[in-house]
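Q: The following block contains the structure, expressed as structure tokens.
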2 protein chains.
Amino acid sequence: MQLLASYLAGSWSNGSGAKVPLVNPTTEEVIAEVANGGHDLAAAFRFAREAGWYELGQMTFAQRGALCGALAKAVSAAREELITLAIANAGNTRSDAKFDIDGAAVTLSHYAELGAKLGDAKLLGDGEPLQVGRTARMGGQHVWTRRHGVAVHINAFNFPAWGLGEKLACALVAGMPVIAKPATATALVAHRLAQLFEPLLPKGVLQVLIGPAGPLLDEVRANDVVAFTGGSATAAMLRSKVSARLNIEADSLNAAVLGPDVELASETGGLFVADVARDITQKTGQKCTAIRRVLVPAGRFDEVCAALKDRIAGIAVGDPSRDDVRMGPLATAQQLADVRAGIARLAAATDSVYGGTGEIAPVGVPAGKGYFVGPVLRSTSDPMGCAELHSHEVFGPVATVAPYEGDAAFAADFVARGEGCLVSSAYSDDRDWVAGFVTSAAPWAGRLYLGSAKMAAQSPGPGTVLPSLVHGGPGRAGGGEELGGERGLRFYMQRCALEGDASVLKSLTQS
Amino acid sequence: MQLLASYLAGSWSNGSGAKVPLVNPTTEEVIAEVANGGHDLAAAFRFAREAGWYELGQMTFAQRGALCGALAKAVSAAREELITLAIANAGNTRSDAKFDIDGAAVTLSHYAELGAKLGDAKLLGDGEPLQVGRTARMGGQHVWTRRHGVAVHINAFNFPAWGLGEKLACALVAGMPVIAKPATATALVAHRLAQLFEPLLPKGVLQVLIGPAGPLLDEVRANDVVAFTGGSATAAMLRSKVSARLNIEADSLNAAVLGPDVELASETGGLFVADVARDITQKTGQKCTAIRRVLVPAGRFDEVCAALKDRIAGIAVGDPSRDDVRMGPLATAQQLADVRAGIARLAAATDSVYGGTGEIAPVGVPAGKGYFVGPVLRSTSDPMGCAELHSHEVFGPVATVAPYEGDAAFAADFVARGEGCLVSSAYSDDRDWVAGFVTSAAPWAGRLYLGSAKMAAQSPGPGTVLPSLVHGGPGRAGGGEELGGERGLRFYMQRCALEGDASVLKSLTQS
């Protein structure tokens with residue numbers, strides 16, 4: 001049995017004590033193990049604070065960007081191997097695996113370009129020079145400088161490659177050394193990436209703890225940062241335990257709204273149906289950005305349900321290594337239990353459109369094995385009154401459709417009922433309706449995707465996180481923010497207001 | 001006895017239950033009372049969420065800026081009355097009181113101008129339009145929108161006017177309704193401001209709780225924000241209790257460093273001595289930005305100590321209502337106890353330069369009355385080894401001087417030993433030295449003040465917070481950020497990435 005080592009303090013550490021199994025969620029076979037602990041985490045933090053901090057301090061933004069470029073190339077070069085690992089360990093179809101792995105490469109490449117653009121500066125100017133005295137001689141200039149500490153990254157099970165890559169890219173270019181802790185259950189991909197990345201990075205810049213977190217947070221000091229992606233229970237624990245700067249991406253009940261102007265047969269209508277169907281089934285619904293709540297004009301309710309039913313009914317569920325299968329299992333037994341419980345709660349408050357409560361006979365899987373649930377479409381006639389629809393994220397292939405009268409303000413209120421989303425979307429070619437929706441919905445979402453005929457042909461859909469746009473959301477979604485080009489570096493930097501002789505400030509920011 | 005009412009849910013509420021006395025710290029006489037509780041805080045939050053949210057939503061940035069302008073005028077018009085209240089309730093000298101009250105007016109005026117500049121937009125663009133698809137048609141645009149919730153402001157005792165005004169200005173222009181809770185001990189000034197502001201603001205926009213917080217935080221929801229200024233113990237409680245967005249300004253051991261090139265008789269040397277002496281005595285050292293740690297070249301150590309001693313020895317301490325008195329008492333009995341304990345700790349680890357442990361016979365005060373401590377200057381020969389110097393903020397008229405060899409990196413390490421400052425300062429006319437210092441010290445301070453000959457004549461000193469520069473600091477200082485012009489609005493806003501047809505995005509941000 002393969003034992004996955006952690007890369008800490010400059011060497012590979014097997015850890016000690018009890019072993020935690022990694023499972024193939026299609027067959028339930030154990031495919032690897034990790035130690036439950038036994039690593040010297042204090043030494044890892046020291047190594048980051050000393051070696052990692054020093055090494056990154058010797059490099060310009062451009063040089064740190066070049067590191068990201070090398071990592072992106074390494075991901076792409078190992079693509080087929082990583083896809084195989086993702087199919088085996090995460091239940092990904094080949095397409096799901098590519099979404100994760102290519103996403104990591106694209107994001108690392110984006111930050112390679114950004115680093116090159118920022119050039120060989122050491123301080124990053126923020127805004128224009130200010131006059132803060134009687135004359136122009138007394139000036140102010142805000143600058144960004146890397147935080148003097150360690151970036152701790154705690155990632156979710158659903159994106160082992162992208163999650164590692166996107167957080168790492170921002171921290172690296174900003175100049176903070178990283179200790180990453182991938183989710184244990186799907187760590188095979190992250191572990192392989194750690195092996196691939198190790199020879200490409202200066203010492204101490206990236207350390208990867210494979211396995212349970214153990215006392216990881218005990219080492220965090222006030223000037224460190226912790227970026228977390230995962231569930232709200234862990235998020236609440238982190239908030240109470242961590243006094244360092246904290247970025248949280250947690251639960252999100254993303255909504256999709258069909259505008260009253262849209263014929264389903266139109267380009268915009270087709271985009272809407274395709275986006276909702278994709279978000280139900282892609283990665284078996286295990287995307288933090290997936291559409292969970294669907295609001296459609298009452299007059300098109302039946303038509304939309306029929307169209308979605310038609311789409312998802314054609315999707316074969318089963319062994320994700322097979323070419324004819326388009327949806328694999330959930331990633332873990334725990335996820336299966338959680339999703340089943342979530343569907344049961346939802347089923348008690350809604351009607352079935354398709355898939356009942358997710359019972360399925362998967363294709364090509366030993367009888368009784370695997371963490372499978374079929375795609376589920378539910379409906380309610382009471383978009384605002386159905387509390388279950390807005391209060392609990394079912395992290396699987398499940399969405400619920402509800403009708404409305406077409407009012408933009410009502411649609412925005414529907415988005416708001418989720419108490420904070422990573423993303424929500426509206427599909428309309430009526431600009432006034434879109435403007436009304438955006439103004440009221442924007443406080444409740446980190447991203448608003450506006451589907452229309454003009455962009456339908458080249459849209460990535462609302463579920464795709466782009467490195468140039470911020471990712472995160474208010475309220476229930478955790479209140480954090482990642483990516484967004486240069487914005488993504490800020491979490492790893494300290495803004496400092498310089499105050500003094502204007503010519504001195506000018507020379508400082510130009511060096 | 002005057003009972004200070006709170007302004008909540010559109011009316012003045014006396015509260016009920018036990019009374020908390022407000023004291024004149026010079027004479028220890030009770031001068032007013034507040035109720036310990038008994039207010040309907042749930043109704044206050046509802047009023048903010050409904051009336052306050054609605055009213056601000058009807059207004060543009062420019063109109064909300066105009067509200068700040070009206071408040072600034074009201075502060076200035078009541079200046080003499082407010083100064084009298086500050087002398088009586090906070091132990092401020094006239095000059096100290098002006099520093100607080102004029103600071104409030106200046107900051108409100110700054111945000112009035114900013115609102116006017118932002119004009120009549122409803123969404124604030126953030127960065128340039130981005131191409132996120134194959135062609136320019138598929139675009140991205142980040143925008144800022146006001147958060148849909150309530151801003152809770154918890155202020156410190158030392159700046160009852162400025163603290164209320166600076167937080168309020170940012171929230172108002174951003175568009176969030178405010179519930180402010182001034183510190184109880186010095187609430188006389190804040191209470192009078194609440195009376196003055198009430199007729200100038202639409203209903204629900206500002207509510208002021210005078211007295212203990214009680215169950216205030218129980219009403220906070222995920223999309224609200226809490227901005228806190230105060231001690232680290234309360235900050236830790238807030239971190240564990242509040243899951244909403246939180247801004248904290250807590251303890252800070254601000255440092256001042258004299259560069260090795262500076263003759264004390266020079267303009268830069270004179271500025272340094274004046275700034276350190278002012279920060280020891282202004283507001284009896286009760287400024288979160290005050291210099292606590294002073295690092296000087298070993299060869300100038302004796303000269304600096306003599307110069308500072310000379311300055312502070314000439315300062316009369318006593319009844320702050322007297323024209324000949326330049327330093328009043330500490331604000332409360334608790335502050336006196338804390339400062340005495342802090343001086344005792346410091347005294348055990350340092351040597352006395354002036355003032356011993358702060359024993360003083362104040363001028364014009366009844367014998368044995370008042371919360372007085374004299375200015376205290378301590379010294380240590382071990383700048384890095386003296387742990388007490390870097391680990392505990394003594395919030396009174398106390399500073400400690402230490403020698404060094406003049407190395408810029410050492411000076412930055414000295415700043416860093418405080419584990420995060422609101423501000424630190426360096427005095428030098430050697431640009432290379434300054435550049436070396438700034439690069440290493442910037443991660444540890446929210447602001448770096450660079451004193452030099454060219455700006456000496458018009459410098460406000462490091463202790464003055466300017467509305468155009470950010471105020472806050474990393475690590476021990478709380479990790480927060482306020483003010484900084486438009487930056488100060490961000491805390492009250494949600495950044496949202498809009499994604500869609502580029503021409504639609506353009507029309508949205510231009511409306």
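For the structure tokens, the naming scheme is as follows: chains receive sequential letters (A, B, ...) according to their order of presentation, residues are indexed from 1 within each chain, and ligands are indexed from 1 in presentation order.
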Set the distance at 9 Å and use only C-alpha atoms: which residues neighbour Asp126 of chain B once local chain neighbours fewer than 3 positions away are removed? I'd like the list as a PDB file with N, CA and C atoms, in the first residue's frame.

A:
```pdb
ATOM      1  N   PRO B 129     -12.354  47.512 -17.248  1.00  0.00           N
ATOM      2  CA  PRO B 129     -13.069  46.368 -17.837  1.00  0.00           C
ATOM      3  C   PRO B 129     -12.062  45.297 -18.271  1.00  0.00           C
ATOM      4  N   GLN B 141     -16.216  43.017 -15.064  1.00  0.00           N
ATOM      5  CA  GLN B 141     -16.048  44.336 -14.442  1.00  0.00           C
ATOM      6  C   GLN B 141     -16.336  44.191 -12.953  1.00  0.00           C
ATOM      7  N   HIS B 142     -15.352  44.545 -12.140  1.00  0.00           N
ATOM      8  CA  HIS B 142     -15.604  44.537 -10.696  1.00  0.00           C
ATOM      9  C   HIS B 142     -16.293  45.831 -10.278  1.00  0.00           C
ATOM     10  N   VAL B 143     -17.239  45.704  -9.357  1.00  0.00           N
ATOM     11  CA  VAL B 143     -17.911  46.888  -8.810  1.00  0.00           C
ATOM     12  C   VAL B 143     -17.987  46.758  -7.289  1.00  0.00           C
ATOM     13  N   TRP B 144     -18.115  47.897  -6.640  1.00  0.00           N
ATOM     14  CA  TRP B 144     -18.374  47.937  -5.199  1.00  0.00           C
ATOM     15  C   TRP B 144     -19.819  48.372  -4.989  1.00  0.00           C
ATOM     16  N   ARG B 495     -17.502  43.767  -2.743  1.00  0.00           N
ATOM     17  CA  ARG B 495     -16.987  43.771  -4.109  1.00  0.00           C
ATOM     18  C   ARG B 495     -17.668  42.645  -4.868  1.00  0.00           C
TER      19      ARG B 495
END
```

Q: Find the residues around Gly418 of chain A up to 8 Å (only C-alpha atoms counted), leave out those fewer than 3 positions away in its own chain, and share them as an MDAnalysis selection string.

A: chainID A and resid 252:254 390:391 414:415 421 476

Q: Could you write out that same residue set with all heavy atoms as a PDB file, in the first residue's frame?

A:
```
ATOM      1  N   SER A 252     -22.547  27.906   0.051  1.00  0.00           N
ATOM      2  CA  SER A 252     -23.160  28.896  -0.830  1.00  0.00           C
ATOM      3  C   SER A 252     -24.328  28.261  -1.576  1.00  0.00           C
ATOM      4  O   SER A 252     -24.186  27.212  -2.198  1.00  0.00           O
ATOM      5  CB  SER A 252     -22.125  29.425  -1.831  1.00  0.00           C
ATOM      6  OG  SER A 252     -22.717  30.379  -2.674  1.00  0.00           O
ATOM      7  N   LEU A 253     -25.470  28.901  -1.498  1.00  0.00           N
ATOM      8  CA  LEU A 253     -26.661  28.439  -2.214  1.00  0.00           C
ATOM      9  C   LEU A 253     -26.858  29.331  -3.432  1.00  0.00           C
ATOM     10  O   LEU A 253     -27.718  30.218  -3.453  1.00  0.00           O
ATOM     11  CB  LEU A 253     -27.861  28.473  -1.261  1.00  0.00           C
ATOM     12  CG  LEU A 253     -27.788  27.388  -0.179  1.00  0.00           C
ATOM     13  CD1 LEU A 253     -28.338  27.870   1.149  1.00  0.00           C
ATOM     14  CD2 LEU A 253     -28.551  26.150  -0.642  1.00  0.00           C
ATOM     15  N   ASN A 254     -26.041  29.085  -4.451  1.00  0.00           N
ATOM     16  CA  ASN A 254     -26.051  29.929  -5.639  1.00  0.00           C
ATOM     17  C   ASN A 254     -27.377  29.815  -6.389  1.00  0.00           C
ATOM     18  O   ASN A 254     -27.938  28.731  -6.515  1.00  0.00           O
ATOM     19  CB  ASN A 254     -24.900  29.511  -6.544  1.00  0.00           C
ATOM     20  CG  ASN A 254     -23.608  29.350  -5.755  1.00  0.00           C
ATOM     21  OD1 ASN A 254     -23.111  30.311  -5.182  1.00  0.00           O
ATOM     22  ND2 ASN A 254     -23.093  28.126  -5.674  1.00  0.00           N
ATOM     23  N   HIS A 390     -33.384  27.617   0.969  1.00  0.00           N
ATOM     24  CA  HIS A 390     -32.431  28.725   1.138  1.00  0.00           C
ATOM     25  C   HIS A 390     -31.468  28.537   2.300  1.00  0.00           C
ATOM     26  O   HIS A 390     -30.608  29.382   2.527  1.00  0.00           O
ATOM     27  CB  HIS A 390     -33.196  30.034   1.369  1.00  0.00           C
ATOM     28  CG  HIS A 390     -34.191  30.353   0.299  1.00  0.00           C
ATOM     29  ND1 HIS A 390     -33.812  30.773  -0.954  1.00  0.00           N
ATOM     30  CD2 HIS A 390     -35.540  30.281   0.287  1.00  0.00           C
ATOM     31  CE1 HIS A 390     -34.908  30.983  -1.698  1.00  0.00           C
ATOM     32  NE2 HIS A 390     -35.959  30.682  -0.973  1.00  0.00           N
ATOM     33  N   SER A 391     -31.635  27.460   3.056  1.00  0.00           N
ATOM     34  CA  SER A 391     -30.898  27.411   4.326  1.00  0.00           C
ATOM     35  C   SER A 391     -29.857  26.310   4.403  1.00  0.00           C
ATOM     36  O   SER A 391     -29.045  26.298   5.322  1.00  0.00           O
ATOM     37  CB  SER A 391     -31.890  27.251   5.487  1.00  0.00           C
ATOM     38  OG  SER A 391     -32.633  26.057   5.311  1.00  0.00           O
ATOM     39  N   PHE A 414     -34.786  36.923  -4.015  1.00  0.00           N
ATOM     40  CA  PHE A 414     -34.606  35.463  -4.021  1.00  0.00           C
ATOM     41  C   PHE A 414     -33.124  35.126  -3.842  1.00  0.00           C
ATOM     42  O   PHE A 414     -32.757  34.260  -3.037  1.00  0.00           O
ATOM     43  CB  PHE A 414     -35.141  34.906  -5.348  1.00  0.00           C
ATOM     44  CG  PHE A 414     -35.053  33.410  -5.483  1.00  0.00           C
ATOM     45  CD1 PHE A 414     -36.018  32.577  -4.930  1.00  0.00           C
ATOM     46  CD2 PHE A 414     -34.012  32.818  -6.196  1.00  0.00           C
ATOM     47  CE1 PHE A 414     -35.953  31.189  -5.069  1.00  0.00           C
ATOM     48  CE2 PHE A 414     -33.930  31.438  -6.339  1.00  0.00           C
ATOM     49  CZ  PHE A 414     -34.908  30.622  -5.768  1.00  0.00           C
ATOM     50  N   VAL A 415     -32.268  35.816  -4.562  1.00  0.00           N
ATOM     51  CA  VAL A 415     -30.817  35.635  -4.385  1.00  0.00           C
ATOM     52  C   VAL A 415     -30.444  35.924  -2.928  1.00  0.00           C
ATOM     53  O   VAL A 415     -29.747  35.142  -2.281  1.00  0.00           O
ATOM     54  CB  VAL A 415     -30.021  36.554  -5.343  1.00  0.00           C
ATOM     55  CG1 VAL A 415     -28.534  36.547  -4.998  1.00  0.00           C
ATOM     56  CG2 VAL A 415     -30.236  36.127  -6.794  1.00  0.00           C
ATOM     57  N   CYS A 421     -23.912  34.548  -1.431  1.00  0.00           N
ATOM     58  CA  CYS A 421     -23.523  33.520  -2.407  1.00  0.00           C
ATOM     59  C   CYS A 421     -22.138  33.818  -2.977  1.00  0.00           C
ATOM     60  O   CYS A 421     -21.720  34.968  -3.049  1.00  0.00           O
ATOM     61  CB  CYS A 421     -24.475  33.516  -3.601  1.00  0.00           C
ATOM     62  SG  CYS A 421     -26.183  33.226  -3.188  1.00  0.00           S
ATOM     63  N   ARG A 476     -23.111  33.903   4.318  1.00  0.00           N
ATOM     64  CA  ARG A 476     -23.000  32.452   4.421  1.00  0.00           C
ATOM     65  C   ARG A 476     -21.796  31.923   3.644  1.00  0.00           C
ATOM     66  O   ARG A 476     -21.179  30.927   4.039  1.00  0.00           O
ATOM     67  CB  ARG A 476     -24.267  31.799   3.880  1.00  0.00           C
ATOM     68  CG  ARG A 476     -24.336  30.302   4.112  1.00  0.00           C
ATOM     69  CD  ARG A 476     -25.396  29.648   3.226  1.00  0.00           C
ATOM     70  NE  ARG A 476     -26.734  30.170   3.459  1.00  0.00           N
ATOM     71  CZ  ARG A 476     -27.566  29.713   4.394  1.00  0.00           C
ATOM     72  NH1 ARG A 476     -27.208  28.724   5.160  1.00  0.00           N
ATOM     73  NH2 ARG A 476     -28.761  30.252   4.532  1.00  0.00           N
TER      74      ARG A 476
END
```

Q: What's around Leu389 of chain B at 8 Å? Count only C-alpha atoms, leave out sequence neighbours fewer than 2 positions away in its own chain, and write the answer as a list in words.

A: Arg293, Leu346, Cys386, Ala387, Ser391, His392 and Thr400 of chain B

Q: Using only C-alpha atoms, determine which residues lie at most 10 Å from segment 25-28 of chain A, disregarding the query and same-chain residues fewer than 2 positions distant; provide the list as an MDAnalysis selection string.

A: chainID A and resid 22:23 30:31 87:92 185:186 318:321 328:333 336 362 364:372

Q: As an exercise, work out the distance from atom CA of Gly420 of chain A to atom CA of Arg239 of chain B in Å and give it to one decimal place.

A: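 Pair atom CA of Gly420 of chain A / atom CA of Arg239 of chain B returns 20.2 Å.
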
Q: So how far away is atom CA of Ala235 of chain B from atom CA of Val226 of chain A, in Å?

A: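 Result for atom CA of Val226 of chain A versus atom CA of Ala235 of chain B: 18.5 Å, one decimal.
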
Q: So which residues touch segment 275-282 of chain B within 7 Å, counting only C-alpha atoms, skipping near sequence neighbours fewer than 5 positions away, as a ChimeraX atom specification?

A: /B:96,290-291,308,311-312,327,375,397-399,461,463

Q: With N, CA, C and O atoms retained, write the just-selected residues as a PDB file, in the first residue's frame.

A:
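Below is the file result-v8.pdb, written as the result:
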```pdb
ATOM      1  N   ASP B  96      -5.955  69.285  23.879  1.00  0.00           N
ATOM      2  CA  ASP B  96      -6.315  67.878  23.671  1.00  0.00           C
ATOM      3  C   ASP B  96      -7.729  67.766  23.101  1.00  0.00           C
ATOM      4  O   ASP B  96      -7.994  66.956  22.207  1.00  0.00           O
ATOM      5  N   ALA B 290       0.470  56.941  19.731  1.00  0.00           N
ATOM      6  CA  ALA B 290       1.586  57.579  20.443  1.00  0.00           C
ATOM      7  C   ALA B 290       2.855  56.710  20.381  1.00  0.00           C
ATOM      8  O   ALA B 290       2.794  55.490  20.381  1.00  0.00           O
ATOM      9  N   ILE B 291       3.980  57.388  20.340  1.00  0.00           N
ATOM     10  CA  ILE B 291       5.284  56.715  20.343  1.00  0.00           C
ATOM     11  C   ILE B 291       5.535  56.108  21.725  1.00  0.00           C
ATOM     12  O   ILE B 291       5.483  56.812  22.732  1.00  0.00           O
ATOM     13  N   LEU B 308      14.913  65.301  25.679  1.00  0.00           N
ATOM     14  CA  LEU B 308      13.530  64.907  25.982  1.00  0.00           C
ATOM     15  C   LEU B 308      13.167  65.284  27.420  1.00  0.00           C
ATOM     16  O   LEU B 308      12.073  65.796  27.684  1.00  0.00           O
ATOM     17  N   ARG B 311      12.386  68.868  27.659  1.00  0.00           N
ATOM     18  CA  ARG B 311      11.053  69.185  27.137  1.00  0.00           C
ATOM     19  C   ARG B 311       9.950  68.831  28.123  1.00  0.00           C
ATOM     20  O   ARG B 311       9.081  69.634  28.419  1.00  0.00           O
ATOM     21  N   ILE B 312       9.969  67.588  28.592  1.00  0.00           N
ATOM     22  CA  ILE B 312       8.818  67.142  29.380  1.00  0.00           C
ATOM     23  C   ILE B 312       8.859  67.672  30.808  1.00  0.00           C
ATOM     24  O   ILE B 312       7.821  67.798  31.450  1.00  0.00           O
ATOM     25  N   MET B 327      -0.929  69.172  30.660  1.00  0.00           N
ATOM     26  CA  MET B 327      -1.275  67.737  30.656  1.00  0.00           C
ATOM     27  C   MET B 327      -2.250  67.451  31.778  1.00  0.00           C
ATOM     28  O   MET B 327      -1.997  67.811  32.933  1.00  0.00           O
ATOM     29  N   PRO B 375       4.554  62.529  33.413  1.00  0.00           N
ATOM     30  CA  PRO B 375       5.272  61.976  32.264  1.00  0.00           C
ATOM     31  C   PRO B 375       6.480  61.166  32.728  1.00  0.00           C
ATOM     32  O   PRO B 375       7.187  61.578  33.641  1.00  0.00           O
ATOM     33  N   PRO B 397       1.370  58.462  29.652  1.00  0.00           N
ATOM     34  CA  PRO B 397       2.477  59.346  29.247  1.00  0.00           C
ATOM     35  C   PRO B 397       3.845  58.715  29.487  1.00  0.00           C
ATOM     36  O   PRO B 397       4.598  59.203  30.323  1.00  0.00           O
ATOM     37  N   VAL B 398       4.130  57.658  28.775  1.00  0.00           N
ATOM     38  CA  VAL B 398       5.308  56.842  29.057  1.00  0.00           C
ATOM     39  C   VAL B 398       5.995  56.441  27.757  1.00  0.00           C
ATOM     40  O   VAL B 398       5.339  55.954  26.839  1.00  0.00           O
ATOM     41  N   ALA B 399       7.308  56.636  27.691  1.00  0.00           N
ATOM     42  CA  ALA B 399       8.081  56.119  26.560  1.00  0.00           C
ATOM     43  C   ALA B 399       9.427  55.621  27.073  1.00  0.00           C
ATOM     44  O   ALA B 399       9.860  55.996  28.167  1.00  0.00           O
ATOM     45  N   GLY B 461       3.257  65.326  12.544  1.00  0.00           N
ATOM     46  CA  GLY B 461       3.777  64.336  13.493  1.00  0.00           C
ATOM     47  C   GLY B 461       3.125  62.987  13.270  1.00  0.00           C
ATOM     48  O   GLY B 461       2.039  62.900  12.706  1.00  0.00           O
ATOM     49  N   GLY B 463       1.703  61.005  15.277  1.00  0.00           N
ATOM     50  CA  GLY B 463       0.542  60.691  16.108  1.00  0.00           C
ATOM     51  C   GLY B 463      -0.784  61.155  15.535  1.00  0.00           C
ATOM     52  O   GLY B 463      -1.841  60.801  16.046  1.00  0.00           O
TER      53      GLY B 463
END
```

Q: Taking only C-alpha atoms into account and nothing else, which residues of chain B lie no more than 6 Å away from chain A? Please answer as a PyMOL selection string.

A: chain B and resi 138+145+147-148+222-223+240+443+446-450+455+469+475+494+496-501

Q: What parts of segment 163-274 of chain B does DSSP call strand (DSSP E)? I'd like the answer as a VMD selection string.

A: chain B and resid 178 to 181 206 to 208 225 to 229 245 to 249 254 to 258

Q: Keeping only N, CA, C and O atoms, write the selected residues to a file as a short mmCIF file (atom, residue, chain, number, x, y, z; two decimals), in the first residue's frame.

A:
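Done, and the output landed in again_30.cif:
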```
data_model
loop_
_atom_site.label_atom_id
_atom_site.label_comp_id
_atom_site.auth_asym_id
_atom_site.auth_seq_id
_atom_site.Cartn_x
_atom_site.Cartn_y
_atom_site.Cartn_z
N VAL B 178 -25.87 53.05 10.64
CA VAL B 178 -24.91 52.85 11.73
C VAL B 178 -25.61 52.77 13.08
O VAL B 178 -26.55 53.52 13.35
N ILE B 179 -25.16 51.83 13.91
CA ILE B 179 -25.45 51.87 15.35
C ILE B 179 -24.10 52.03 16.04
O ILE B 179 -23.25 51.15 15.96
N ALA B 180 -23.91 53.19 16.68
CA ALA B 180 -22.63 53.48 17.31
C ALA B 180 -22.74 53.32 18.82
O ALA B 180 -23.75 53.67 19.42
N LYS B 181 -21.69 52.74 19.40
CA LYS B 181 -21.63 52.63 20.86
C LYS B 181 -20.35 53.28 21.35
O LYS B 181 -19.28 52.68 21.33
N LEU B 206 -28.43 56.88 11.70
CA LEU B 206 -27.50 56.83 12.84
C LEU B 206 -28.29 56.61 14.12
O LEU B 206 -29.20 57.38 14.43
N GLN B 207 -27.93 55.58 14.84
CA GLN B 207 -28.45 55.36 16.19
C GLN B 207 -27.25 55.28 17.12
O GLN B 207 -26.19 54.79 16.73
N VAL B 208 -27.43 55.79 18.35
CA VAL B 208 -26.29 55.83 19.27
C VAL B 208 -26.70 55.23 20.61
O VAL B 208 -27.63 55.72 21.26
N VAL B 225 -21.54 44.53 9.66
CA VAL B 225 -20.11 44.71 9.93
C VAL B 225 -19.95 45.30 11.33
O VAL B 225 -20.82 46.02 11.81
N VAL B 226 -18.84 44.97 11.97
CA VAL B 226 -18.53 45.51 13.29
C VAL B 226 -17.14 46.13 13.23
O VAL B 226 -16.17 45.47 12.86
N ALA B 227 -17.07 47.41 13.57
CA ALA B 227 -15.77 48.09 13.64
C ALA B 227 -15.50 48.46 15.09
O ALA B 227 -16.31 49.12 15.73
N PHE B 228 -14.36 48.01 15.57
CA PHE B 228 -14.04 48.15 16.99
C PHE B 228 -12.71 48.84 17.18
O PHE B 228 -11.73 48.52 16.50
N THR B 229 -12.66 49.78 18.12
CA THR B 229 -11.40 50.36 18.55
C THR B 229 -11.31 50.18 20.05
O THR B 229 -12.23 50.58 20.78
N ARG B 245 -18.21 40.53 9.26
CA ARG B 245 -16.94 41.20 8.93
C ARG B 245 -16.56 42.12 10.10
O ARG B 245 -17.40 42.85 10.62
N LEU B 246 -15.31 42.06 10.48
CA LEU B 246 -14.86 42.70 11.71
C LEU B 246 -13.61 43.52 11.42
O LEU B 246 -12.68 43.03 10.80
N ASN B 247 -13.61 44.78 11.85
CA ASN B 247 -12.39 45.58 11.77
C ASN B 247 -11.94 45.89 13.19
O ASN B 247 -12.71 46.42 13.98
N ILE B 248 -10.69 45.58 13.47
CA ILE B 248 -10.20 45.77 14.83
C ILE B 248 -8.98 46.69 14.84
O ILE B 248 -8.05 46.52 14.05
N GLU B 249 -9.04 47.69 15.71
CA GLU B 249 -7.86 48.48 16.01
C GLU B 249 -7.60 48.30 17.49
O GLU B 249 -8.40 48.72 18.32
N ASN B 254 3.99 51.63 19.15
CA ASN B 254 4.59 52.38 18.05
C ASN B 254 6.03 52.79 18.38
O ASN B 254 6.34 53.16 19.51
N ALA B 255 6.88 52.72 17.36
CA ALA B 255 8.29 53.04 17.56
C ALA B 255 8.67 54.31 16.80
O ALA B 255 8.06 54.64 15.78
N ALA B 256 9.68 55.00 17.32
CA ALA B 256 10.29 56.13 16.60
C ALA B 256 11.80 55.88 16.56
O ALA B 256 12.40 55.55 17.59
N VAL B 257 12.38 56.02 15.39
CA VAL B 257 13.80 55.72 15.22
C VAL B 257 14.53 56.97 14.71
O VAL B 257 14.08 57.59 13.74
N LEU B 258 15.62 57.31 15.35
CA LEU B 258 16.45 58.41 14.87
C LEU B 258 17.55 57.83 13.98
O LEU B 258 18.28 56.92 14.41
#
```

Q: Which residues come within 10 Å of Tyr7 of chain B, counting only C-alpha atoms, excluding same-chain residues fewer than 5 positions away, as a list in words?

A: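 Answer for this query is Trp12, Ser13, Asn14, His39, Ala44, Ile179, Ala180, His191, Ala194, Gln195, Glu198, Gly204, Leu206, Gln207, Val208, Leu209 and Ile210 of chain B.
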
Q: List as an NGL selection string the protein and nucleic acid residues near segment 352-355 of chain B, meaning an atom at most 9 Å away when only C-alpha atoms are counted, but skip any in the same chain fewer than 2 places from it.

A: :B and (305-306 or 308-309 or 312-313 or 347 or 350 or 357-360 or 374-380 or 400-401)

Q: Among segment 180-428 of chain B, which residues does DSSP mark as helix (DSSP H, G or I) when it is run on the backbone? Keep the chain and numbering as in the structure and answer as JSON, numbers by chain.

A: {"B": [187, 188, 189, 190, 191, 192, 193, 194, 195, 196, 197, 198, 199, 200, 216, 217, 218, 219, 232, 233, 234, 235, 236, 237, 238, 239, 240, 241, 267, 268, 269, 270, 271, 272, 273, 274, 275, 276, 277, 278, 279, 280, 281, 282, 283, 284, 285, 298, 299, 300, 301, 302, 303, 304, 305, 306, 307, 308, 309, 310, 311, 312, 313, 333, 334, 335, 336, 337, 338, 339, 340, 341, 342, 343, 344, 345, 346, 347, 387, 388, 389, 390, 391, 408, 409, 410, 411, 412, 413, 414, 415, 416]}
